[in-house]
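Please read the structure below before turning to the comments.
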Amino acid sequence: MSGKVIICRCNDVTADEIEALIDSGVTDIEEIKRLLRIGMGPCQGRTCIPLVISILARKTGKRPEEIPLPKTRVPIRPVRVGVLAGGDDE
Amino acid sequence: MSKIAVIGGGIIGVATAYELAKLGEDVILFEKNYFGSGSTFRCASGIRAQFTDEANVRLMKYAVERWERLEDELGFDINFRQTGYLFLATSEEEIEAFKANIRLQNRFGVPTRLIDMDEAKEIVPILNPEPFLAGTWNPRDGKANPFKTLFAYLFRAREMGVDAREHTEVIGFEREGDEITAVRYRSRGKAESVKVDAVLNATNAWAPTINEMAGLKRGIVPIKVYKHQLVKTELLEKGQAEPLVCPPSWNDAYIIQDGEDGGIICGAGIEHEARGLNDVEPTYDFLRGVLRYAVMMAPPLKYAHVIRQWAGFYAKTPDRNPAIGKLLEDFYISAGFSGHGFMMAPAVAQAMAELIARGRSKVPIDWEWYDPYRFERGELHTSAFQIG
């Protein structure tokens, strides 16, 4: 893979950036997530995490199923603050 | 050159390993999970010198000076920005207390000042000024990226020869009398040991367990672990709430715009004692409670979306000040940061490394104030002013 291939669309992270980080020795998906902010945007990693896992598997010689998913955060889908904070009458 | 084992791969352990390497020591660092997994990678990113006692004000003034130069020193982008801290008063009595804090901070060269709500509104455009009377403002306080900062220290430490291992758990010490001679550890199911001259316990919430391994009473440094949660909104345009904004009388609630993506991080002192050291489950009462405060502080937030909620630990000592110092001849502790480990790290790491390598430090740190034996002696200090 070469050129500017966007893997994480929420935070504009490219395939090159992911590969470079793995090459620098960072191979724990929880660390890759935080350094590149993959899966930390509104989509919660639905788009990017499977792609990151396949890149990580290829580069580390592991099978994709050996790579754990990063911890999922609530809420599963974005929720409006006003809904959770309640109205003035509460 | 001595062989020094640092236990704990959070910001305190990693930064101290780096400082020890700078002083020419041979360092091995152990992290049982992934780097930063304990508290550092769950923190709210704030850095402030606005404390309310001399020891913490002087230490944090020095820490901020280190933060200002850290990016150049480590050669890595850590996104440190001096966007300030703004504390807001809701009563006349609180304004008087704020004025006393400002006098103390000014005495040690921290340029905090009292501002009116017009100025506060200019600094924080989405702020609702109505509930507040005045604020204390220090433009030199700020924030940095905890992930990048930890890895900046780690990359530099490794370049300088630090053997930093993650997913490697310390399981015990070998001792001759009181002296620790080796550290036993386990990695991928295999137990090994390494001979060492000194050990630093930098495990924060996990510190009592490591103290016990060293033959000390578990409660010698009594650390209670509280779940401290955060909620973050979707990515928003920058410049709307860059400083950490906090009315302390509202249960220490605060907002701060993430320096990376502009999402607004919301915190509050709605805390639960953790059920155990694996208990980082977010709670619904916190989610609703913190957002009520956030919306009162910044009403436009109600139109934004929450995208994540997470929890970390405040590893609290009884006086909410960390335990920093020597516990045994070759066994040191730097733990119990009570929510302030990230901001204090550049100063505390240097002080601890100099203590271990040289027996004294150039850092303006009040060793008596942070003495790990003060709890045993029943001497508590006034509580360090908490919050991000």
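In the structure tokens, chains take the letters A, B, ... in the order shown, each chain's residues start at 1, and ligands count up from 1 in the order shown.
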Mind running chain B against chain A at 9 Å and telling me each contacting residue's nearest atom pair with the distance in Å (one decimal), counting only C-alpha atoms, chain and number ascending, as a Markdown table?
| residue | atom | partner | partner_atom | distance |
| --- | --- | --- | --- | --- |
| B:Tyr34 | CA | A:Asp28 | CA | 7.2 |
| B:Phe35 | CA | A:Glu31 | CA | 7.6 |
| B:Gly36 | CA | A:Glu31 | CA | 8.5 |
| B:Ser37 | CA | A:Glu30 | CA | 8.6 |
| B:Phe41 | CA | A:Arg34 | CA | 8.1 |
| B:Phe147 | CA | A:Leu35 | CA | 5.9 |
| B:Lys148 | CA | A:Leu35 | CA | 6.3 |
| B:Phe151 | CA | A:Leu35 | CA | 8.6 |
| B:Thr233 | CA | A:Val81 | CA | 8.1 |
| B:Glu234 | CA | A:Pro42 | CA | 6.3 |
| B:Leu235 | CA | A:Gly41 | CA | 7.5 |
| B:Asp261 | CA | A:Asn11 | CA | 8.0 |
| B:Pro282 | CA | A:Val74 | CA | 7.9 |
| B:Leu287 | CA | A:Leu84 | CA | 7.5 |
| B:Arg288 | CA | A:Ala85 | CA | 5.4 |
| B:Gly289 | CA | A:Ala85 | CA | 7.3 |
| B:Val290 | CA | A:Ala85 | CA | 8.1 |
| B:Leu291 | CA | A:Ala85 | CA | 5.2 |
| B:Arg292 | CA | A:Ala85 | CA | 4.7 |
| B:Tyr293 | CA | A:Ala85 | CA | 8.4 |
| B:Ala294 | CA | A:Ala85 | CA | 8.7 |
| B:Val295 | CA | A:Ala85 | CA | 7.3 |
| B:Leu301 | CA | A:Val81 | CA | 6.7 |
| B:Lys302 | CA | A:Gly82 | CA | 4.2 |
| B:Tyr303 | CA | A:Gly82 | CA | 6.2 |
| B:Ala304 | CA | A:Arg80 | CA | 5.8 |
| B:His305 | CA | A:Arg80 | CA | 4.1 |
| B:Val306 | CA | A:Val79 | CA | 5.3 |
| B:Ile307 | CA | A:Pro78 | CA | 4.8 |
| B:Arg308 | CA | A:Val74 | CA | 5.5 |
| B:Gln309 | CA | A:Val74 | CA | 5.7 |
| B:Trp310 | CA | A:Arg73 | CA | 6.7 |
Polymer residues at most 10 Å from B:Val57, only C-alpha atoms, same-chain spacing of 2 or more positions, as a PyMOL selection string: chain B and resi 48-55+59-63+101+104-110
Within 12 Å of A:Ser54, counting only C-alpha atoms, which residues show up once you throw out same-chain ones fewer than 3 positions away? Write them as a compact mmCIF listing (two decimals) with N, CA, C and O atoms, in the first residue's frame, please.
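Result written to out14.txt:
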# COMPACT_ATOMS: atom_id res chain seq x y z
N ILE A 7 -7.23 5.70 6.65
CA ILE A 7 -7.79 4.53 7.35
C ILE A 7 -8.84 4.99 8.36
O ILE A 7 -9.91 4.40 8.47
N ALA A 15 -2.69 5.24 6.24
CA ALA A 15 -2.05 3.93 6.34
C ALA A 15 -0.56 4.09 6.61
O ALA A 15 0.02 3.33 7.40
N ILE A 18 0.17 4.71 10.26
CA ILE A 18 0.00 3.50 11.07
C ILE A 18 1.22 2.58 10.88
O ILE A 18 1.80 2.07 11.85
N GLU A 19 1.63 2.40 9.63
CA GLU A 19 2.78 1.53 9.36
C GLU A 19 4.05 2.08 10.00
O GLU A 19 4.85 1.33 10.56
N ILE A 29 -2.31 -2.57 20.29
CA ILE A 29 -3.37 -1.79 19.63
C ILE A 29 -3.91 -0.66 20.52
O ILE A 29 -4.33 0.39 20.04
N CYS A 48 -12.35 1.96 11.05
CA CYS A 48 -10.89 1.83 11.01
C CYS A 48 -10.32 0.63 11.75
O CYS A 48 -9.30 0.08 11.33
N ILE A 49 -10.94 0.21 12.84
CA ILE A 49 -10.30 -0.82 13.66
C ILE A 49 -10.04 -2.13 12.90
O ILE A 49 -8.93 -2.67 12.97
N PRO A 50 -11.01 -2.63 12.13
CA PRO A 50 -10.71 -3.86 11.38
C PRO A 50 -9.53 -3.67 10.41
O PRO A 50 -8.72 -4.59 10.22
N LEU A 51 -9.43 -2.47 9.82
CA LEU A 51 -8.32 -2.21 8.89
C LEU A 51 -7.00 -2.15 9.64
O LEU A 51 -5.98 -2.68 9.18
N ALA A 57 -1.65 -7.24 11.76
CA ALA A 57 -1.46 -8.68 11.58
C ALA A 57 -0.39 -8.91 10.50
O ALA A 57 0.54 -9.70 10.69
N ARG A 58 -0.53 -8.19 9.40
CA ARG A 58 0.42 -8.36 8.29
C ARG A 58 1.84 -8.00 8.74
O ARG A 58 2.80 -8.71 8.45
N LYS A 59 1.96 -6.89 9.48
CA LYS A 59 3.30 -6.42 9.83
C LYS A 59 3.96 -7.20 10.96
O LYS A 59 5.18 -7.21 11.09
N THR A 60 3.13 -7.83 11.81
CA THR A 60 3.73 -8.55 12.94
C THR A 60 3.70 -10.07 12.74
O THR A 60 4.15 -10.83 13.59
N GLY A 61 3.14 -10.50 11.61
CA GLY A 61 3.10 -11.93 11.33
C GLY A 61 2.11 -12.70 12.20
O GLY A 61 2.19 -13.92 12.32
N LYS A 62 1.16 -11.97 12.81
CA LYS A 62 0.14 -12.64 13.61
C LYS A 62 -1.11 -12.87 12.77
O LYS A 62 -1.28 -12.26 11.71
N ARG A 63 -1.97 -13.75 13.26
CA ARG A 63 -3.28 -13.89 12.62
C ARG A 63 -4.19 -12.81 13.21
O ARG A 63 -4.08 -12.49 14.39
N PRO A 64 -5.10 -12.22 12.39
CA PRO A 64 -5.96 -11.13 12.89
C PRO A 64 -6.69 -11.51 14.18
O PRO A 64 -6.86 -10.69 15.07
N GLU A 65 -7.11 -12.79 14.29
CA GLU A 65 -7.88 -13.16 15.49
C GLU A 65 -7.03 -13.21 16.75
O GLU A 65 -7.54 -13.28 17.86
N GLU A 66 -5.70 -13.16 16.58
CA GLU A 66 -4.82 -13.12 17.76
C GLU A 66 -4.69 -11.71 18.32
O GLU A 66 -4.13 -11.50 19.39
N ILE A 67 -5.16 -10.72 17.56
CA ILE A 67 -5.02 -9.33 18.00
C ILE A 67 -6.32 -8.88 18.68
O ILE A 67 -7.38 -8.89 18.07
N PRO A 68 -6.22 -8.53 19.97
CA PRO A 68 -7.45 -8.16 20.68
C PRO A 68 -7.98 -6.82 20.19
O PRO A 68 -7.22 -5.96 19.76
N LEU A 69 -9.30 -6.66 20.24
CA LEU A 69 -9.89 -5.36 19.90
C LEU A 69 -9.61 -4.39 21.04
O LEU A 69 -9.56 -4.79 22.19
Interatomic distance, atom CA of B:Ile264 to atom CA of B:Ala241 (Å, one decimal):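 Atom-to-atom, atom CA of B:Ile264 to atom CA of B:Ala241, that is 7.7 Å.
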Residue among B:Leu244, B:Leu20, B:Ala335, B:Ala205 lying closest to B:Tyr85, counting only C-alpha atoms: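 Between B:Leu244, B:Leu20, B:Ala335, B:Ala205, the residue approaching B:Tyr85 most closely is B:Leu244.
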Two-atom distance - atom CA of B:Ile126, atom CA of B:Pro139 (Å):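 Spanning atom CA of B:Ile126 to atom CA of B:Pro139 is a straight-line distance of 18.0 Å.
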In stretch 141-254 of chain B, DSSP strand (DSSP E or B) residues written as a PyMOL selection string: chain B and resi 142-143+163-165+168-176+179-187+190-195+198-201+224-233+244-246+254
Save out the residues we just selected, C-alpha atoms, as a short mmCIF file (atom, residue, chain, number, x, y, z; two decimals), in the first residue's frame.
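Contents of selection-v5.cif, as written:
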data_model
loop_
_atom_site.label_atom_id
_atom_site.label_comp_id
_atom_site.auth_asym_id
_atom_site.auth_seq_id
_atom_site.Cartn_x
_atom_site.Cartn_y
_atom_site.Cartn_z
CA GLY B 142 -2.04 24.43 30.52
CA LYS B 143 -2.32 20.95 29.10
CA ASP B 163 15.38 -1.68 29.00
CA ALA B 164 11.65 -0.89 29.12
CA ARG B 165 9.36 -3.93 29.10
CA THR B 168 5.91 -7.94 32.15
CA GLU B 169 4.75 -8.25 35.74
CA VAL B 170 6.92 -8.01 38.83
CA ILE B 171 6.05 -10.98 41.06
CA GLY B 172 8.50 -10.61 43.93
CA PHE B 173 11.91 -9.61 45.22
CA GLU B 174 14.89 -11.64 46.35
CA ARG B 175 16.27 -10.23 49.57
CA GLU B 176 19.24 -10.60 51.84
CA GLU B 179 18.27 -5.48 51.22
CA ILE B 180 16.62 -6.19 47.85
CA THR B 181 19.09 -8.02 45.62
CA ALA B 182 16.96 -9.07 42.67
CA VAL B 183 13.55 -8.52 41.04
CA ARG B 184 11.53 -11.51 39.93
CA TYR B 185 9.19 -10.94 37.00
CA ARG B 186 6.95 -12.85 34.63
CA SER B 187 6.47 -12.33 30.93
CA LYS B 190 7.82 -17.36 31.99
CA ALA B 191 9.35 -16.27 35.34
CA GLU B 192 12.84 -14.79 35.45
CA SER B 193 14.88 -12.59 37.73
CA VAL B 194 17.38 -9.76 37.40
CA LYS B 195 19.95 -8.56 39.94
CA ALA B 198 17.84 -0.31 43.90
CA VAL B 199 14.12 -0.39 43.17
CA LEU B 200 11.59 2.39 42.56
CA ASN B 201 7.93 1.67 43.21
CA LYS B 224 -7.27 4.27 48.46
CA VAL B 225 -8.32 3.92 44.88
CA TYR B 226 -11.21 5.95 43.51
CA LYS B 227 -12.75 5.68 40.12
CA HIS B 228 -12.48 9.07 38.46
CA GLN B 229 -14.44 9.33 35.25
CA LEU B 230 -14.47 11.58 32.22
CA VAL B 231 -16.89 12.22 29.41
CA LYS B 232 -15.94 13.67 26.06
CA THR B 233 -17.97 15.37 23.36
CA LEU B 244 -9.56 24.09 32.27
CA VAL B 245 -12.62 25.83 33.73
CA CYS B 246 -13.77 24.80 37.19
CA TYR B 254 -14.70 21.04 35.13
#
As a tab-separated table (two decimals) with N, CA and C atoms, in the first residue's frame, please: all residues of chain A that backbone DSSP puts in alpha helix (DSSP H).
chain	number	residue	atom	x	y	z
A	15	ALA	N	-2.69	5.24	6.24
A	15	ALA	CA	-2.05	3.93	6.34
A	15	ALA	C	-0.56	4.09	6.61
A	16	ASP	N	0.05	5.09	5.97
A	16	ASP	CA	1.49	5.32	6.17
A	16	ASP	C	1.82	5.63	7.62
A	17	GLU	N	0.98	6.45	8.26
A	17	GLU	CA	1.23	6.81	9.66
A	17	GLU	C	1.14	5.58	10.55
A	18	ILE	N	0.17	4.71	10.26
A	18	ILE	CA	0.00	3.50	11.07
A	18	ILE	C	1.22	2.58	10.88
A	19	GLU	N	1.63	2.40	9.63
A	19	GLU	CA	2.78	1.53	9.36
A	19	GLU	C	4.05	2.08	10.00
A	20	ALA	N	4.23	3.39	9.93
A	20	ALA	CA	5.44	4.00	10.51
A	20	ALA	C	5.48	3.79	12.02
A	21	LEU	N	4.33	3.91	12.66
A	21	LEU	CA	4.29	3.73	14.12
A	21	LEU	C	4.61	2.27	14.49
A	22	ILE	N	4.02	1.34	13.74
A	22	ILE	CA	4.31	-0.08	14.01
A	22	ILE	C	5.80	-0.35	13.79
A	23	ASP	N	6.36	0.24	12.74
A	23	ASP	CA	7.80	0.07	12.46
A	23	ASP	C	8.66	0.63	13.59
A	29	ILE	N	-2.31	-2.57	20.29
A	29	ILE	CA	-3.37	-1.79	19.63
A	29	ILE	C	-3.91	-0.66	20.52
A	30	GLU	N	-3.86	-0.86	21.86
A	30	GLU	CA	-4.31	0.21	22.77
A	30	GLU	C	-3.38	1.44	22.65
A	31	GLU	N	-2.11	1.19	22.40
A	31	GLU	CA	-1.15	2.29	22.25
A	31	GLU	C	-1.28	2.95	20.88
A	32	ILE	N	-1.44	2.13	19.84
A	32	ILE	CA	-1.62	2.67	18.48
A	32	ILE	C	-2.87	3.55	18.45
A	33	LYS	N	-3.93	3.05	19.06
A	33	LYS	CA	-5.18	3.80	19.14
A	33	LYS	C	-4.94	5.20	19.71
A	34	ARG	N	-4.24	5.26	20.84
A	34	ARG	CA	-4.10	6.55	21.54
A	34	ARG	C	-3.12	7.50	20.84
A	35	LEU	N	-2.06	6.94	20.29
A	35	LEU	CA	-1.07	7.83	19.66
A	35	LEU	C	-1.60	8.42	18.36
A	36	LEU	N	-2.41	7.64	17.63
A	36	LEU	CA	-2.92	8.14	16.35
A	36	LEU	C	-4.39	8.56	16.43
A	48	CYS	N	-12.35	1.96	11.05
A	48	CYS	CA	-10.89	1.83	11.01
A	48	CYS	C	-10.32	0.63	11.75
A	49	ILE	N	-10.94	0.21	12.84
A	49	ILE	CA	-10.30	-0.82	13.66
A	49	ILE	C	-10.04	-2.13	12.90
A	50	PRO	N	-11.01	-2.63	12.13
A	50	PRO	CA	-10.71	-3.86	11.38
A	50	PRO	C	-9.53	-3.67	10.41
A	51	LEU	N	-9.43	-2.47	9.82
A	51	LEU	CA	-8.32	-2.21	8.89
A	51	LEU	C	-7.00	-2.15	9.64
A	52	VAL	N	-7.00	-1.50	10.82
A	52	VAL	CA	-5.78	-1.42	11.61
A	52	VAL	C	-5.34	-2.82	12.02
A	53	ILE	N	-6.30	-3.64	12.40
A	53	ILE	CA	-5.95	-5.01	12.81
A	53	ILE	C	-5.34	-5.78	11.64
A	54	SER	N	-5.85	-5.58	10.45
A	54	SER	CA	-5.28	-6.32	9.31
A	54	SER	C	-3.87	-5.82	8.99
A	55	ILE	N	-3.63	-4.51	9.13
A	55	ILE	CA	-2.27	-3.98	8.92
A	55	ILE	C	-1.33	-4.53	9.98
A	56	LEU	N	-1.81	-4.51	11.23
A	56	LEU	CA	-0.99	-4.97	12.36
A	56	LEU	C	-0.67	-6.46	12.20
A	57	ALA	N	-1.65	-7.24	11.76
A	57	ALA	CA	-1.46	-8.68	11.58
A	57	ALA	C	-0.39	-8.91	10.50
A	58	ARG	N	-0.53	-8.19	9.40
A	58	ARG	CA	0.42	-8.36	8.29
A	58	ARG	C	1.84	-8.00	8.74
A	59	LYS	N	1.96	-6.89	9.48
A	59	LYS	CA	3.30	-6.42	9.83
A	59	LYS	C	3.96	-7.20	10.96
A	60	THR	N	3.13	-7.83	11.81
A	60	THR	CA	3.73	-8.55	12.94
A	60	THR	C	3.70	-10.07	12.74
A	81	VAL	N	-25.90	15.74	24.34
A	81	VAL	CA	-25.70	16.11	25.75
A	81	VAL	C	-27.02	16.51	26.40
A	82	GLY	N	-27.83	17.29	25.67
A	82	GLY	CA	-29.09	17.78	26.22
A	82	GLY	C	-30.01	16.64	26.67
A	83	VAL	N	-29.97	15.52	25.96
A	83	VAL	CA	-30.81	14.38	26.31
A	83	VAL	C	-30.37	13.79	27.65
A	84	LEU	N	-29.06	13.74	27.88
A	84	LEU	CA	-28.54	13.14	29.10
A	84	LEU	C	-28.58	14.10	30.28
A	85	ALA	N	-28.37	15.39	30.00
A	85	ALA	CA	-28.31	16.37	31.09
A	85	ALA	C	-29.72	16.71	31.61
Nearest-residue call for B:Pro247, choices B:Val27, B:Leu88, B:Ile4, B:Val196, using only C-alpha atoms: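 The shortest atom-to-atom distance to B:Pro247 comes from B:Leu88.
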One-decimal distance in Å that lies between atom CA of B:Glu260 and atom CA of B:Ala157: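 Interatomic distance here is 24.5 Å.
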Selection near stretch 313-317 of chain B, 9 Å with only C-alpha atoms, sequence-local residues under 2 positions removed, as a PyMOL selection string: chain B and resi 38-39+42-43+204-206+221-229+274+277+280+311+319-323+335-340+375
Long-range neighbours of B:Pro125 as a list in words, 12 Å cut-off, only C-alpha atoms, 5 positions minimum in chain: Met117, Asp118, Glu119, Ala120, Glu237, Lys238, Gly239, Gln240, Ala241, Glu242, Pro243, Val245, Met297, Ala298, Pro299, Pro300 and Leu301 of chain B
Selection to disk with C-alpha atoms, as a PDB file, in the first residue's frame:
ATOM      1  CA  MET B 117     -16.614  37.666  34.506  1.00  0.00           C
ATOM      2  CA  ASP B 118     -16.311  39.893  31.413  1.00  0.00           C
ATOM      3  CA  GLU B 119     -12.701  38.872  31.050  1.00  0.00           C
ATOM      4  CA  ALA B 120     -13.576  35.246  31.854  1.00  0.00           C
ATOM      5  CA  GLU B 237     -14.061  23.950  16.763  1.00  0.00           C
ATOM      6  CA  LYS B 238     -11.061  24.946  18.838  1.00  0.00           C
ATOM      7  CA  GLY B 239     -10.905  28.084  20.987  1.00  0.00           C
ATOM      8  CA  GLN B 240     -14.251  27.745  22.755  1.00  0.00           C
ATOM      9  CA  ALA B 241     -13.089  26.365  26.114  1.00  0.00           C
ATOM     10  CA  GLU B 242      -9.335  25.947  25.858  1.00  0.00           C
ATOM     11  CA  PRO B 243      -8.493  26.480  29.568  1.00  0.00           C
ATOM     12  CA  VAL B 245     -12.621  25.827  33.732  1.00  0.00           C
ATOM     13  CA  MET B 297     -21.159  26.077  32.878  1.00  0.00           C
ATOM     14  CA  ALA B 298     -21.381  26.142  29.077  1.00  0.00           C
ATOM     15  CA  PRO B 299     -25.016  26.020  27.868  1.00  0.00           C
ATOM     16  CA  PRO B 300     -24.245  25.508  24.129  1.00  0.00           C
ATOM     17  CA  LEU B 301     -22.799  22.136  25.058  1.00  0.00           C
TER      18      LEU B 301
END
Hey, what's within 12 Å of B:Asp178 if we count only C-alpha atoms and toss same-chain stuff fewer than 5 positions away? As a PDB file with N, CA, C and O atoms, in the first residue's frame, please?
ATOM      1  N   PHE B 173      10.515 -10.030  45.096  1.00  0.00           N
ATOM      2  CA  PHE B 173      11.909  -9.608  45.221  1.00  0.00           C
ATOM      3  C   PHE B 173      12.701 -10.720  45.891  1.00  0.00           C
ATOM      4  O   PHE B 173      12.154 -11.490  46.677  1.00  0.00           O
ATOM      5  N   MET B 213       5.583  -6.644  48.825  1.00  0.00           N
ATOM      6  CA  MET B 213       6.626  -7.529  48.277  1.00  0.00           C
ATOM      7  C   MET B 213       8.003  -7.173  48.850  1.00  0.00           C
ATOM      8  O   MET B 213       8.869  -8.029  48.960  1.00  0.00           O
ATOM      9  N   ALA B 214       8.173  -5.883  49.177  1.00  0.00           N
ATOM     10  CA  ALA B 214       9.470  -5.435  49.710  1.00  0.00           C
ATOM     11  C   ALA B 214       9.590  -5.708  51.206  1.00  0.00           C
ATOM     12  O   ALA B 214      10.573  -5.307  51.835  1.00  0.00           O
ATOM     13  N   GLY B 215       8.554  -6.355  51.783  1.00  0.00           N
ATOM     14  CA  GLY B 215       8.615  -6.697  53.197  1.00  0.00           C
ATOM     15  C   GLY B 215       8.049  -5.624  54.108  1.00  0.00           C
ATOM     16  O   GLY B 215       8.164  -5.695  55.331  1.00  0.00           O
ATOM     17  N   LEU B 216       7.399  -4.620  53.508  1.00  0.00           N
ATOM     18  CA  LEU B 216       6.807  -3.541  54.301  1.00  0.00           C
ATOM     19  C   LEU B 216       5.332  -3.846  54.554  1.00  0.00           C
ATOM     20  O   LEU B 216       4.743  -4.690  53.885  1.00  0.00           O
ATOM     21  N   LEU B 327      11.866   4.455  51.170  1.00  0.00           N
ATOM     22  CA  LEU B 327      11.183   3.629  52.172  1.00  0.00           C
ATOM     23  C   LEU B 327      12.166   2.703  52.891  1.00  0.00           C
ATOM     24  O   LEU B 327      12.040   2.452  54.079  1.00  0.00           O
ATOM     25  N   LEU B 328      13.109   2.160  52.136  1.00  0.00           N
ATOM     26  CA  LEU B 328      14.175   1.323  52.699  1.00  0.00           C
ATOM     27  C   LEU B 328      15.478   1.780  52.053  1.00  0.00           C
ATOM     28  O   LEU B 328      15.464   2.590  51.124  1.00  0.00           O
ATOM     29  N   GLU B 329      16.591   1.238  52.508  1.00  0.00           N
ATOM     30  CA  GLU B 329      17.889   1.685  52.002  1.00  0.00           C
ATOM     31  C   GLU B 329      17.955   1.679  50.463  1.00  0.00           C
ATOM     32  O   GLU B 329      18.467   2.588  49.853  1.00  0.00           O
ATOM     33  N   ASP B 330      17.406   0.642  49.837  1.00  0.00           N
ATOM     34  CA  ASP B 330      17.504   0.540  48.373  1.00  0.00           C
ATOM     35  C   ASP B 330      16.120   0.453  47.721  1.00  0.00           C
ATOM     36  O   ASP B 330      15.957  -0.091  46.648  1.00  0.00           O
ATOM     37  N   PHE B 331      15.118   0.993  48.407  1.00  0.00           N
ATOM     38  CA  PHE B 331      13.740   0.889  47.915  1.00  0.00           C
ATOM     39  C   PHE B 331      13.038   2.241  48.051  1.00  0.00           C
ATOM     40  O   PHE B 331      12.880   2.771  49.142  1.00  0.00           O
TER      41      PHE B 331
END
